[in-house]
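Chemist: Dropping in protein-v3.txt, with compact mmCIF, C-alpha atoms.
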```txt
# COMPACT_ATOMS: atom_id res chain seq x y z
CA MET A 190 20.14 19.40 6.18
CA PRO A 191 21.96 16.88 8.39
CA ASN A 192 20.46 13.45 8.68
CA ARG A 193 18.26 13.17 11.76
CA THR A 194 16.76 10.48 13.89
CA VAL A 195 12.98 10.52 13.48
CA PHE A 196 10.71 9.24 16.26
CA LEU A 197 7.19 8.06 15.43
CA ILE A 198 5.11 8.04 18.59
CA SER A 199 1.53 6.84 18.82
CA ASP A 200 -0.84 5.36 21.37
CA GLY A 201 -1.94 2.97 18.57
CA THR A 202 0.01 1.14 15.89
CA GLY A 203 1.79 4.26 14.60
CA ILE A 204 0.87 3.55 10.98
CA THR A 205 -0.70 6.98 10.51
CA ALA A 206 2.33 8.74 11.99
CA GLU A 207 4.72 6.72 9.84
CA THR A 208 2.76 7.28 6.62
CA PHE A 209 2.55 11.01 7.24
CA ALA A 210 6.20 11.30 8.28
CA LYS A 211 7.43 9.50 5.18
CA ALA A 212 5.29 11.68 2.92
CA ILE A 213 6.72 14.84 4.50
CA LEU A 214 10.35 13.70 4.73
CA ASN A 215 10.38 12.49 1.13
CA GLN A 216 10.36 16.17 0.19
CA PHE A 217 13.93 16.44 1.52
CA GLU A 218 17.02 14.79 0.07
CA SER A 219 18.41 13.22 3.22
CA ASN A 220 18.43 9.91 4.99
CA HIS A 221 16.77 9.40 8.33
CA ARG A 222 16.85 6.75 11.01
CA MET A 223 13.28 5.88 11.91
CA VAL A 224 12.51 4.85 15.50
CA ARG A 225 8.96 3.58 16.04
CA LEU A 226 7.38 3.83 19.49
CA PRO A 227 3.84 2.44 19.09
CA PHE A 228 1.38 1.83 21.93
CA THR A 229 2.73 4.74 23.99
CA ASP A 230 -0.50 4.84 25.96
CA SER A 231 0.55 5.72 29.53
CA VAL A 232 2.47 8.45 31.34
CA ASP A 233 5.21 5.95 32.25
CA LYS A 234 5.68 5.02 28.59
CA ALA A 235 5.72 8.71 27.70
CA HIS A 236 8.58 9.32 30.14
CA ASN A 237 10.46 6.35 28.65
CA ALA A 238 10.01 7.86 25.20
CA VAL A 239 11.27 11.25 26.46
CA ARG A 240 14.40 9.64 27.90
CA GLU A 241 15.15 7.90 24.59
CA ILE A 242 14.56 11.08 22.56
CA ASN A 243 16.66 13.27 24.85
CA HIS A 244 19.48 10.74 24.97
CA THR A 245 19.50 10.69 21.16
CA ALA A 246 19.60 14.50 21.06
CA GLN A 247 22.63 14.60 23.38
CA ARG A 248 24.44 11.81 21.53
CA GLU A 249 23.88 13.19 18.03
CA GLY A 250 24.26 16.86 18.81
CA HIS A 251 21.00 18.04 17.24
CA ARG A 252 17.29 17.66 17.84
CA PRO A 253 15.51 14.52 16.68
CA ILE A 254 12.28 15.01 14.74
CA VAL A 255 9.25 13.67 16.59
CA PHE A 256 5.98 12.90 14.81
CA THR A 257 3.11 12.10 17.17
CA THR A 258 -0.46 10.90 16.77
CA LEU A 259 -1.41 10.88 20.44
CA VAL A 260 -4.97 11.37 21.61
CA ASN A 261 -4.22 10.82 25.31
CA MET A 262 -3.60 14.38 26.52
CA SER A 263 -1.70 13.28 29.65
CA VAL A 264 0.76 11.36 27.51
CA LEU A 265 1.08 14.23 25.04
CA GLU A 266 1.71 16.78 27.81
CA VAL A 267 4.68 14.76 29.09
CA LEU A 268 6.27 14.91 25.66
CA LYS A 269 5.53 18.60 25.18
CA ALA A 270 6.96 19.48 28.58
CA HIS A 271 10.14 17.41 28.52
CA CYS A 272 10.99 16.32 24.95
CA GLN A 273 14.13 17.88 23.42
CA GLY A 274 13.07 16.99 19.87
CA LEU A 275 11.19 18.98 17.26
CA MET A 276 7.60 18.02 18.10
CA LEU A 277 5.12 17.70 15.23
CA ASP A 278 1.76 16.92 16.80
CA MET A 279 -0.35 15.81 13.87
CA PHE A 280 -3.65 15.45 15.69
CA GLY A 281 -3.21 18.77 17.46
CA THR A 282 -2.44 20.44 14.15
CA PHE A 283 -5.48 19.09 12.33
CA VAL A 284 -8.07 17.94 14.88
CA ALA A 285 -8.32 21.16 16.93
CA PRO A 286 -9.06 23.41 13.91
CA LEU A 287 -11.64 20.89 12.68
CA GLU A 288 -13.32 20.83 16.09
CA ALA A 289 -13.56 24.62 15.97
CA GLU A 290 -14.85 24.63 12.40
CA LEU A 291 -17.42 21.83 12.88
CA GLY A 292 -18.50 22.94 16.34
CA ILE A 293 -18.15 19.43 17.78
CA LYS A 294 -15.52 17.53 19.74
CA SER A 295 -13.67 14.62 18.17
CA ASN A 296 -14.13 11.22 19.79
CA HIS A 297 -10.38 10.94 20.54
CA ARG A 298 -10.40 7.40 19.27
CA VAL A 299 -7.08 5.63 19.80
CA GLY A 300 -5.86 4.12 16.58
CA ARG A 301 -7.39 3.05 13.31
CA PHE A 302 -7.83 -0.50 14.57
CA SER A 303 -9.50 0.07 17.92
CA ASP A 304 -12.40 -2.32 18.52
CA ALA A 305 -11.71 -3.88 15.13
CA SER A 306 -14.10 -6.77 15.74
CA LYS A 307 -17.06 -4.35 15.50
CA SER A 308 -15.75 -2.40 12.54
CA ARG A 309 -17.45 -2.89 9.17
CA GLU A 310 -14.34 -1.50 7.49
CA TYR A 311 -12.14 -4.11 9.15
CA HIS A 312 -14.56 -6.94 8.28
CA ASP A 313 -14.68 -5.85 4.63
CA ARG A 314 -10.90 -5.71 4.37
CA ILE A 315 -10.46 -9.19 5.88
CA GLU A 316 -13.06 -10.59 3.47
CA ALA A 317 -11.32 -8.90 0.55
CA ILE A 318 -7.92 -10.29 1.57
CA ASN A 319 -9.33 -13.84 1.78
CA PHE A 320 -11.04 -13.39 -1.58
CA SER A 321 -7.90 -12.06 -3.26
CA LEU A 322 -5.77 -14.88 -1.88
CA ALA A 323 -8.28 -17.48 -3.11
CA HIS A 324 -8.32 -15.88 -6.56
CA ASP A 325 -4.58 -15.28 -6.91
CA ASP A 326 -2.85 -16.33 -10.12
CA GLY A 327 -6.01 -17.86 -11.58
CA GLN A 328 -6.32 -20.43 -8.75
CA SER A 329 -10.12 -20.32 -8.72
CA ASN A 330 -12.91 -19.35 -11.10
CA LYS A 331 -15.50 -19.56 -8.32
CA ASP A 332 -17.51 -16.39 -7.72
CA LEU A 333 -15.48 -14.26 -10.12
CA ALA A 334 -18.59 -12.12 -10.51
CA SER A 335 -17.96 -10.81 -6.98
CA SER A 336 -14.62 -9.35 -8.03
CA ASP A 337 -14.37 -5.57 -7.97
CA VAL A 338 -11.51 -5.85 -10.47
CA ILE A 339 -9.72 -8.66 -12.31
CA LEU A 340 -6.06 -7.95 -13.05
CA VAL A 341 -4.44 -9.61 -16.06
CA GLY A 342 -0.88 -9.58 -17.32
CA VAL A 343 2.17 -11.74 -17.88
CA SER A 344 3.77 -13.54 -14.96
CA ARG A 345 5.67 -11.20 -12.57
CA SER A 346 4.13 -7.98 -13.86
CA GLY A 347 2.87 -6.98 -10.39
CA LYS A 348 -0.59 -8.55 -10.26
CA THR A 349 -0.35 -10.32 -6.89
CA PRO A 350 1.12 -7.49 -4.79
CA THR A 351 -1.33 -5.03 -6.34
CA SER A 352 -4.28 -7.34 -5.62
CA LEU A 353 -3.26 -7.74 -1.99
CA TYR A 354 -2.61 -4.02 -1.52
CA LEU A 355 -6.05 -3.18 -2.89
CA ALA A 356 -7.60 -5.71 -0.52
CA MET A 357 -5.63 -4.73 2.57
CA GLN A 358 -5.90 -0.97 2.15
CA TYR A 359 -9.27 -0.50 0.48
CA GLY A 360 -11.31 -3.67 0.94
CA ILE A 361 -11.31 -4.25 -2.83
CA LYS A 362 -11.94 -7.83 -3.96
CA ALA A 363 -9.26 -8.23 -6.61
CA SER A 364 -8.76 -11.38 -8.66
CA ASN A 365 -5.76 -11.82 -10.91
CA TYR A 366 -5.04 -14.02 -13.91
CA PRO A 367 -1.74 -14.63 -15.67
CA LEU A 368 -1.68 -14.40 -19.46
CA ILE A 369 0.20 -17.46 -20.73
CA PRO A 370 1.43 -18.70 -24.13
CA GLU A 371 -1.74 -20.76 -24.65
CA ASP A 372 -3.80 -17.57 -24.43
CA PHE A 373 -1.55 -15.90 -27.00
CA GLU A 374 -1.85 -18.86 -29.35
CA ARG A 375 -5.65 -18.71 -29.13
CA ARG A 376 -5.49 -14.91 -29.39
CA LYS A 377 -8.21 -14.77 -26.76
CA LEU A 378 -8.58 -14.05 -23.07
CA PRO A 379 -8.89 -17.04 -20.71
CA PRO A 380 -12.48 -18.34 -21.19
CA ALA A 381 -13.39 -17.83 -17.51
CA LEU A 382 -12.81 -14.09 -17.88
CA LEU A 383 -14.96 -13.45 -20.93
CA PRO A 384 -18.25 -12.88 -19.01
CA HIS A 385 -16.47 -10.33 -16.80
CA ARG A 386 -14.72 -8.25 -19.44
CA LYS A 387 -15.85 -4.92 -17.94
CA LYS A 388 -14.03 -5.72 -14.69
CA ILE A 389 -10.70 -6.50 -16.32
CA PHE A 390 -7.70 -4.20 -15.90
CA GLY A 391 -4.34 -5.02 -17.49
CA LEU A 392 -0.82 -4.64 -16.13
CA THR A 393 2.22 -4.64 -18.36
CA ILE A 394 5.94 -4.02 -17.83
CA GLN A 395 9.05 -3.27 -19.86
CA PRO A 396 10.66 -6.54 -21.04
CA GLU A 397 14.07 -5.54 -19.68
CA ARG A 398 12.70 -5.03 -16.19
CA LEU A 399 10.62 -8.21 -16.44
CA SER A 400 13.73 -10.19 -17.37
CA GLU A 401 15.55 -8.83 -14.31
CA ILE A 402 12.68 -9.83 -12.00
CA ARG A 403 12.33 -13.29 -13.50
CA ASN A 404 16.07 -13.92 -13.34
CA GLU A 405 15.89 -13.43 -9.58
CA ARG A 406 13.38 -16.29 -9.48
CA ARG A 407 14.68 -18.59 -12.24
CA PRO A 408 18.16 -17.46 -13.34
CA ASN A 409 19.33 -18.30 -16.87
CA SER A 410 16.01 -19.91 -17.84
CA ARG A 411 14.02 -19.41 -21.02
CA TYR A 412 11.25 -18.05 -18.79
CA ALA A 413 13.57 -15.20 -17.76
CA SER A 414 15.32 -14.60 -21.08
CA LEU A 415 14.99 -11.15 -22.56
CA GLU A 416 13.82 -12.60 -25.89
CA ASN A 417 10.98 -14.51 -24.23
CA CYS A 418 10.02 -11.53 -22.07
CA ARG A 419 9.83 -9.32 -25.15
CA GLN A 420 7.62 -11.83 -26.92
CA GLU A 421 5.24 -12.30 -23.95
CA VAL A 422 4.91 -8.59 -23.22
CA GLY A 423 4.34 -7.84 -26.91
CA GLU A 424 1.63 -10.51 -27.15
CA ALA A 425 -0.03 -9.39 -23.92
CA GLU A 426 -0.16 -5.73 -24.95
CA ALA A 427 -1.50 -6.70 -28.38
CA MET A 428 -4.25 -8.72 -26.70
CA MET A 429 -5.17 -5.85 -24.38
CA ARG A 430 -5.46 -3.47 -27.33
CA ARG A 431 -7.44 -6.02 -29.32
CA GLU A 432 -9.84 -6.69 -26.44
CA ASN A 433 -10.09 -2.99 -25.56
CA ILE A 434 -8.81 -3.61 -22.03
CA ARG A 435 -7.66 -0.69 -19.91
CA TRP A 436 -4.03 -1.14 -18.88
CA LEU A 437 -0.90 0.55 -17.54
CA SER A 438 2.82 -0.18 -17.25
CA THR A 439 4.09 -1.03 -13.77
CA THR A 440 7.76 -0.57 -14.71
CA THR A 441 8.40 2.68 -12.84
CA LYS A 442 5.29 2.86 -10.67
CA SER A 443 4.85 1.99 -7.00
CA ILE A 444 2.04 -0.28 -5.83
CA GLU A 445 0.37 2.80 -4.36
CA GLU A 446 0.41 4.57 -7.75
CA ILE A 447 -0.84 1.48 -9.59
CA SER A 448 -3.65 0.97 -7.09
CA THR A 449 -4.72 4.61 -7.21
CA THR A 450 -4.94 4.47 -11.00
CA ILE A 451 -7.03 1.29 -10.84
CA LEU A 452 -9.39 2.80 -8.24
CA GLN A 453 -9.89 5.89 -10.40
CA ASP A 454 -10.77 3.65 -13.29
CA ILE A 455 -13.07 1.08 -11.68
CA ARG A 456 -14.83 3.56 -9.34
CA PRO A 457 -16.43 0.91 -7.06
CA ASP A 458 -20.04 1.62 -6.14
CA ARG A 459 -19.34 1.37 -2.41
CA PRO A 460 -16.95 3.13 -0.04
CA VAL A 461 -13.25 2.29 -0.16
CA TYR A 462 -11.20 2.71 2.99
```
Write the structure described by the file as structure tokens, please.
Modeler:
Amino acid sequence: MPNRTVFLISDGTGITAETFAKAILNQFESNHRMVRLPFTDSVDKAHNAVREINHTAQREGHRPIVFTTLVNMSVLEVLKAHCQGLMLDMFGTFVAPLEAELGIKSNHRVGRFSDASKSREYHDRIEAINFSLAHDDGQSNKDLASSDVILVGVSRSGKTPTSLYLAMQYGIKASNYPLIPEDFERRKLPPALLPHRKKIFGLTIQPERLSEIRNERRPNSRYASLENCRQEVGEAEAMMRRENIRWLSTTTKSIEEISTTILQDIRPDRPVY
């Protein structure tokens, strides 16, 4: 399959269209040029999008692929009538059959973030982001009991990005604590974590990969040396086994995979978004 230009068209942010498009296109071994056209929320903007798509088709000699999440029917009709790309209307594909099955009309809400100020989901995610930032890298012991999960592991094992992803995507209040040589010498978890053992989830990583990551930050240091990384990872994994802490290796896993595993394990007693 030749590489194609892929247009992502939405009357909102386009995040849904992009996420869906990437999931579908990852099934094919080819590279694509992504063109994002968010906030296409008027007929004039629809015509501008058509001109760009059709110009690309003529220049490249084959149809672009067009993913849309448009709820404005006037805008969508312009694209359907004039677009020379392969149109994949995600809402039309899924919403119409659901309307028929449920016997009700969808609310045709534009975008995940419309009227965000009144959204409980949005409020919860903002609170979780603030909480996770305040409790990053063991900065604060205050209100640890409010954590949905406390991530532990050696420095640069993926705790911070995972904490923020959980907060931003799911409204999960995630604290994270680095395991340091003093903890290994004591052969105990940091004292502040002991009352919250059931909320702890461990992240580990292969020493070779850890050394690569640390060398990007502090090249040729003892901190980044393979010998030191092997020692820290070995001590951390021994502690997790000794303390009966659930854990996984982040070496070959994406943040999405890590977060999904954590959510399956902690099973928060409230909705996640």
Chemist: Give me, please, the distance in Å between CA of Ile394 in chain A and CA of Pro350 in chain A, quoted to one decimal.
Modeler: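 Between CA of Ile394 in chain A and CA of Pro350 in chain A the gap is 14.3 Å.
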Chemist: Report as a JSON list (two decimals) with C-alpha atoms, keeping the file's coordinate frame all protein, DNA and RNA residues lying within 12 Å of Glu249 in chain A, evaluated on all atoms listed in the file, omitting residues in the same chain fewer than 2 positions from it.
Modeler:
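Output file result_24.json follows:
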```
[["chain", "number", "residue", "atom", "x", "y", "z"],
["A", 191, "PRO", "CA", 21.96, 16.88, 8.39],
["A", 192, "ASN", "CA", 20.46, 13.45, 8.68],
["A", 193, "ARG", "CA", 18.26, 13.17, 11.76],
["A", 194, "THR", "CA", 16.76, 10.48, 13.89],
["A", 222, "ARG", "CA", 16.85, 6.75, 11.01],
["A", 242, "ILE", "CA", 14.56, 11.08, 22.56],
["A", 243, "ASN", "CA", 16.66, 13.27, 24.85],
["A", 244, "HIS", "CA", 19.48, 10.74, 24.97],
["A", 245, "THR", "CA", 19.50, 10.69, 21.16],
["A", 246, "ALA", "CA", 19.60, 14.50, 21.06],
["A", 247, "GLN", "CA", 22.63, 14.60, 23.38],
["A", 251, "HIS", "CA", 21.00, 18.04, 17.24],
["A", 252, "ARG", "CA", 17.29, 17.66, 17.84],
["A", 253, "PRO", "CA", 15.51, 14.52, 16.68],
["A", 274, "GLY", "CA", 13.07, 16.99, 19.87]]
```
Chemist: Do you know which residues are at most 9 Å from Gly281 in chain A counting all atoms listed in the file, after dropping those on the same chain fewer than 3 positions away, and could you put them as a ChimeraX atom specification?
Modeler: /A:258-260,277-278,284-286
Chemist: Rank nothing, just name the residue among A:Thr449, A:Ser346, A:Ser321, A:Thr351 nearest to Ser400 in chain A, using all atoms listed in the file.
Modeler: A:Ser346
Chemist: Can you work out the spacing between CA of Phe228 in chain A and CA of Gly201 in chain A in Å, to one decimal?
Modeler: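 Separation between CA of Phe228 in chain A and CA of Gly201 in chain A: 4.9 Å.
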Chemist: Quick one: everything within 9 Å of Ala356 in chain A, counting all atoms listed in the file, minus sequence neighbours fewer than 4 positions away in the same chain. Send it as a VMD selection string.
Modeler: chain A and resid 313 to 321 351 to 352 360 to 363
Chemist: Around (9.5, 4.0, -16.5) in the file's own coordinates, what residues are found within 12 Å if you use all atoms listed in the file, given back as an MDAnalysis selection string?
Modeler: chainID A and resid 393:398 437:443
Chemist: Calculate how many Å separate CA of Asn409 in chain A from CA of Glu426 in chain A, rounding to one decimal.
Modeler: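 Taking CA of Asn409 in chain A as the start and CA of Glu426 in chain A as the end point, the length is 24.6 Å.
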Chemist: Write out as a ChimeraX atom specification which residues come within 12 Å of Asn261 in chain A when counting all atoms listed in the file, dropping same-chain ones fewer than 4 positions away.
Modeler: /A:198-201,228-232,234-235,257,265-268,280-281,296-300
Chemist: Using all atoms listed in the file, which of A:Leu340, A:Ser414, A:Lys348, A:Ile213 sits nearest Leu378 in chain A?
Modeler: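 Comparing A:Leu340, A:Ser414, A:Lys348, A:Ile213 against Leu378 in chain A, the winner is A:Leu340.
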Chemist: Compute the distance from (-2.8, -8.6, -16.8) to each atom, counting only C-alpha atoms, keep the residues with any atom at most 9 Å away, and return them as a list of chain:residue names; use the coordinates of the file.
Modeler: A:Ile339, A:Leu340, A:Val341, A:Gly342, A:Val343, A:Ser344, A:Ser346, A:Gly347, A:Lys348, A:Asn365, A:Tyr366, A:Pro367, A:Leu368, A:Ile389, A:Phe390, A:Gly391, A:Leu392, A:Thr393, A:Ala425, A:Met429, A:Trp436
